[in-house]
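Chemist: Below is one structure. I have some questions about it.
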Amino acid sequence: MTRQIGIVLHSERELVQDLFKQLTKELGDFQIDTVELTPEKSTLVSDCEMVVVLGGDGTILKAVEMVYGIGIPILGINLGRVGFLAEAEVTDISSAVEAIVHKKWEIETRTIIDVKVLRGSKTVFESFAINDAAIEKVPPELMTELRVSVDNTVLMAFSGDGLIVATSTGSTAYAFSAGGPILWPNTKAIITVPVAAHALFARPLVFDPSSRLQSEILSTKATITLDGRRNFELVEGDLVIVTGSSQELQFARIHSTSFADRLVKKFRLPTTSWRESDNA
């Protein structure tokens with residue numbers, strides 16, 4: 001049976017198209033077919049053994065929407081700035097091809113969160129996120145008011161810019177920018193990070209994915225955005241329910257680089273103290 005690899009592209013730019021042609025040719029030399037996947041052609045993903053992404057983290061998140069619930073691994077080749085979710089750089093395509101040809105990859109699973117909005121007794125919105133769900137104020141000049149509960153116990157109520165609910169994968173994204181902790185990707189946990197909260201107690205929380213997080217909208221309106229890609233308008237009284245999903249995302253890893261090494265490289269973390277710098 002012919003093997004087939006799905007390809008998700010960042011854009012129609014000439015560089016991206018050239019890389020797509022290169023990848024298609026190199027895999028084709030080993031009788032491995034490729035198919036370009038788009039939201040309009042996402043049904044083709046079920047015939048693929050893997051999805052390769054040529055792009056940055058945003059493009060990988062687009063690919064996640066296509067493979068959600070199917071159990072097909074994603075291999076990211078970074079064309080963006082940071083590319084925290086990517087496994088290889090654009091200069092490393094040949095290594096990626098070799099790994100695909102010989103099926104030399106390891107699967108790294110990531111936690112996904114399910115998000116549901118209740119309006120009264122009715123579910124008015126339901127989706128998922130691999131990075132985060134962000135409840136944010138509307139309009140921008142006003143604060144939003146929230147009451148946050150975990151497993152039916154109210155933990156805090158505050159006014160501010162909003163609340164980020166993130167997975168361990170998303171801990172290096174918006175949640176990190178808002179002052180949240182960085183979690184290693186294999187950590188099975190969900191974090192909440194209040195954004196610019198006007199309250200004495202409004203701190204980041206870390207809890208198990210089996211817990212049930214509830215955020216009640218106390219202000220007139222707000223909005224919730226999932227992975228920076230999908231949003232829904234909230235009104236006063238809405239309940240945002242977040243739990244760990246029964247689904248997991250699979251990333252294909254072809255290198256042995258540790259997450260700590262990736263963290264230092266991607267964020268360009270200073271690893272030399274000021275005393276060492278003075279003695280250099």
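To be explicit about the labels: the chains of the structure tokens are called A, B, and onward in the order shown, and within each one the residues are counted from 1, while ligands get numbers from 1 in the order they are shown.
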Based on the backbone DSSP call, show me all residues of stretch 116-182 of chain A assigned alpha helix (DSSP H), as a PyMOL selection string.
Modeler: chain A and resi 174-177
Chemist: Enumerate, in order of chain and increasing residue number, the residues of stretch 32-89 of chain A with an atom no farther than 7 Å from stretch 240-253 of chain A, each with its shortest atom pair and distance in Å to one decimal, counting only C-alpha atoms, as a Markdown table.
Modeler:
```
| residue | atom | partner | partner_atom | distance |
| --- | --- | --- | --- | --- |
| A:Gly69 | CA | A:Gln247 | CA | 6.3 |
| A:Gly71 | CA | A:Gln250 | CA | 6.8 |
| A:Ile72 | CA | A:Gln250 | CA | 6.7 |
| A:Pro73 | CA | A:Gln250 | CA | 4.6 |
| A:Ile74 | CA | A:Phe251 | CA | 4.8 |
| A:Leu75 | CA | A:Ala252 | CA | 5.2 |
| A:Glu87 | CA | A:Arg253 | CA | 6.3 |
```
Chemist: Give me, as a PyMOL selection string, all polymer residues having an atom no more than 9 Å from A:Lys266, counting only C-alpha atoms and skipping those fewer than 3 positions away in the same chain.
Modeler: chain A and resi 81-84+261-263+269
Chemist: Excluding A:Glu233 and its own-chain neighbours fewer than 3 positions away, which residues fall within 12 Å of it when counting only C-alpha atoms? Please give them as a PyMOL selection string.
Modeler: chain A and resi 117+119+124-125+134-139+217+220-226+230+236+238+240
Chemist: Counting only C-alpha atoms, what are the residues of stretch 150-173 of chain A within 12 Å of stretch 204-214 of chain A, and for each of them which pair of atoms is the nearest and at what distance in Å, to one decimal? Sort the table by chain and rising number, as a tab-separated table.
Modeler:
```
residue	atom	partner	partner_atom	distance
A:Val150	CA	A:Leu213	CA	4.6
A:Asp151	CA	A:Arg212	CA	5.0
A:Asn152	CA	A:Arg212	CA	7.7
A:Thr153	CA	A:Gln214	CA	9.3
A:Val154	CA	A:Gln214	CA	8.8
A:Leu155	CA	A:Leu205	CA	9.9
A:Met156	CA	A:Leu205	CA	10.8
A:Ala157	CA	A:Gln214	CA	11.6
A:Leu163	CA	A:Pro204	CA	9.6
A:Ile164	CA	A:Pro204	CA	9.3
A:Val165	CA	A:Leu213	CA	9.0
A:Ala166	CA	A:Val206	CA	9.6
A:Thr167	CA	A:Pro209	CA	8.9
A:Ser168	CA	A:Val206	CA	9.8
A:Ser171	CA	A:Val206	CA	10.8
```
Chemist: I'd like the contact shell of A:Glu65 - 12 Å cut-off, only C-alpha atoms, skipping same-chain residues fewer than 2 positions apart - returned as a PyMOL selection string.
Modeler: chain A and resi 8+37-40+42-43+45+51+58-63+67-72+74+112+127-130+226-227+229-230+249
Chemist: Limited to N, CA and C atoms, could you put the picked residues into a file as an mmCIF file, in the first residue's frame?
Modeler:
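As a result, again_27.cif now contains:
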```
data_model
loop_
_atom_site.group_PDB
_atom_site.id
_atom_site.type_symbol
_atom_site.label_atom_id
_atom_site.label_comp_id
_atom_site.auth_asym_id
_atom_site.auth_seq_id
_atom_site.Cartn_x
_atom_site.Cartn_y
_atom_site.Cartn_z
ATOM 1 N N VAL A 8 0.890 20.729 5.388
ATOM 2 C CA VAL A 8 0.170 21.970 5.648
ATOM 3 C C VAL A 8 1.158 23.116 5.471
ATOM 4 N N LEU A 37 -2.744 19.797 2.439
ATOM 5 C CA LEU A 37 -3.964 19.854 3.227
ATOM 6 C C LEU A 37 -4.351 21.301 3.497
ATOM 7 N N THR A 38 -5.593 21.611 3.291
ATOM 8 C CA THR A 38 -6.162 22.911 3.621
ATOM 9 C C THR A 38 -7.451 22.657 4.398
ATOM 10 N N PRO A 39 -7.996 23.684 5.050
ATOM 11 C CA PRO A 39 -9.275 23.482 5.743
ATOM 12 C C PRO A 39 -10.360 22.929 4.826
ATOM 13 N N GLU A 40 -10.321 23.309 3.553
ATOM 14 C CA GLU A 40 -11.322 22.823 2.601
ATOM 15 C C GLU A 40 -11.082 21.359 2.213
ATOM 16 N N SER A 42 -9.571 19.081 4.381
ATOM 17 C CA SER A 42 -9.121 18.443 5.626
ATOM 18 C C SER A 42 -9.542 16.978 5.725
ATOM 19 N N THR A 43 -10.574 16.563 4.969
ATOM 20 C CA THR A 43 -11.012 15.169 5.032
ATOM 21 C C THR A 43 -9.951 14.217 4.503
ATOM 22 N N VAL A 45 -6.997 14.090 5.372
ATOM 23 C CA VAL A 45 -6.015 13.783 6.405
ATOM 24 C C VAL A 45 -6.150 12.350 6.908
ATOM 25 N N VAL A 51 1.247 14.282 9.396
ATOM 26 C CA VAL A 51 1.085 15.605 8.808
ATOM 27 C C VAL A 51 2.361 16.399 9.064
ATOM 28 N N GLY A 58 1.717 29.162 14.464
ATOM 29 C CA GLY A 58 0.359 29.423 14.005
ATOM 30 C C GLY A 58 -0.106 28.416 12.972
ATOM 31 N N THR A 59 0.791 28.029 12.077
ATOM 32 C CA THR A 59 0.449 27.043 11.056
ATOM 33 C C THR A 59 0.268 25.666 11.682
ATOM 34 N N ILE A 60 1.066 25.364 12.695
ATOM 35 C CA ILE A 60 0.904 24.091 13.401
ATOM 36 C C ILE A 60 -0.454 24.037 14.084
ATOM 37 N N LEU A 61 -0.885 25.153 14.679
ATOM 38 C CA LEU A 61 -2.201 25.185 15.305
ATOM 39 C C LEU A 61 -3.303 24.977 14.270
ATOM 40 N N LYS A 62 -3.095 25.468 13.054
ATOM 41 C CA LYS A 62 -4.050 25.225 11.972
ATOM 42 C C LYS A 62 -4.106 23.734 11.649
ATOM 43 N N ALA A 63 -2.940 23.082 11.645
ATOM 44 C CA ALA A 63 -2.887 21.648 11.370
ATOM 45 C C ALA A 63 -3.565 20.845 12.476
ATOM 46 N N VAL A 67 -6.224 17.468 12.413
ATOM 47 C CA VAL A 67 -5.950 16.111 12.914
ATOM 48 C C VAL A 67 -6.678 15.809 14.219
ATOM 49 N N TYR A 68 -7.355 16.804 14.793
ATOM 50 C CA TYR A 68 -8.016 16.610 16.091
ATOM 51 C C TYR A 68 -8.978 15.417 16.027
ATOM 52 N N GLY A 69 -8.795 14.496 16.975
ATOM 53 C CA GLY A 69 -9.666 13.340 17.071
ATOM 54 C C GLY A 69 -9.313 12.193 16.156
ATOM 55 N N ILE A 70 -8.270 12.357 15.322
ATOM 56 C CA ILE A 70 -7.904 11.310 14.360
ATOM 57 C C ILE A 70 -6.697 10.503 14.834
ATOM 58 N N GLY A 71 -5.821 11.132 15.624
ATOM 59 C CA GLY A 71 -4.671 10.408 16.163
ATOM 60 C C GLY A 71 -3.507 10.307 15.212
ATOM 61 N N ILE A 72 -3.332 11.300 14.350
ATOM 62 C CA ILE A 72 -2.210 11.323 13.413
ATOM 63 C C ILE A 72 -1.157 12.294 13.932
ATOM 64 N N ILE A 74 1.936 15.044 14.184
ATOM 65 C CA ILE A 74 2.337 16.250 13.465
ATOM 66 C C ILE A 74 3.840 16.429 13.596
ATOM 67 N N ILE A 112 -4.875 18.293 25.741
ATOM 68 C CA ILE A 112 -5.807 19.210 25.088
ATOM 69 C C ILE A 112 -6.888 19.571 26.103
ATOM 70 N N SER A 127 -15.808 23.742 21.984
ATOM 71 C CA SER A 127 -14.638 23.563 21.133
ATOM 72 C C SER A 127 -13.485 23.013 21.982
ATOM 73 N N PHE A 128 -12.259 23.138 21.479
ATOM 74 C CA PHE A 128 -11.081 22.621 22.163
ATOM 75 C C PHE A 128 -9.922 23.586 21.951
ATOM 76 N N ALA A 129 -8.845 23.385 22.721
ATOM 77 C CA ALA A 129 -7.633 24.196 22.536
ATOM 78 C C ALA A 129 -6.414 23.359 22.887
ATOM 79 N N ILE A 130 -5.349 23.533 22.126
ATOM 80 C CA ILE A 130 -4.073 22.885 22.422
ATOM 81 C C ILE A 130 -3.173 23.824 23.209
ATOM 82 N N LEU A 226 -9.816 30.861 21.454
ATOM 83 C CA LEU A 226 -9.127 29.580 21.604
ATOM 84 C C LEU A 226 -7.953 29.505 20.635
ATOM 85 N N ASP A 227 -6.766 29.330 21.188
ATOM 86 C CA ASP A 227 -5.534 29.209 20.395
ATOM 87 C C ASP A 227 -5.324 30.397 19.460
ATOM 88 N N ARG A 229 -7.301 31.579 17.425
ATOM 89 C CA ARG A 229 -7.872 31.286 16.108
ATOM 90 C C ARG A 229 -9.397 31.311 16.085
ATOM 91 N N ARG A 230 -10.047 30.881 17.179
ATOM 92 C CA ARG A 230 -11.499 30.793 17.195
ATOM 93 C C ARG A 230 -12.015 31.573 18.397
ATOM 94 N N LEU A 249 -3.049 15.244 21.668
ATOM 95 C CA LEU A 249 -2.358 15.596 20.434
ATOM 96 C C LEU A 249 -1.035 14.855 20.372
#
```
Chemist: Return as a ChimeraX atom specification the full set of residues in stretch 104-268 of chain A whose backbone-based DSSP assignment is strand (DSSP E).
Modeler: /A:106-119,122-129,132-137,144-150,153-160,162-167,190-195,205-207,213-217,221-226,230-235,239-253
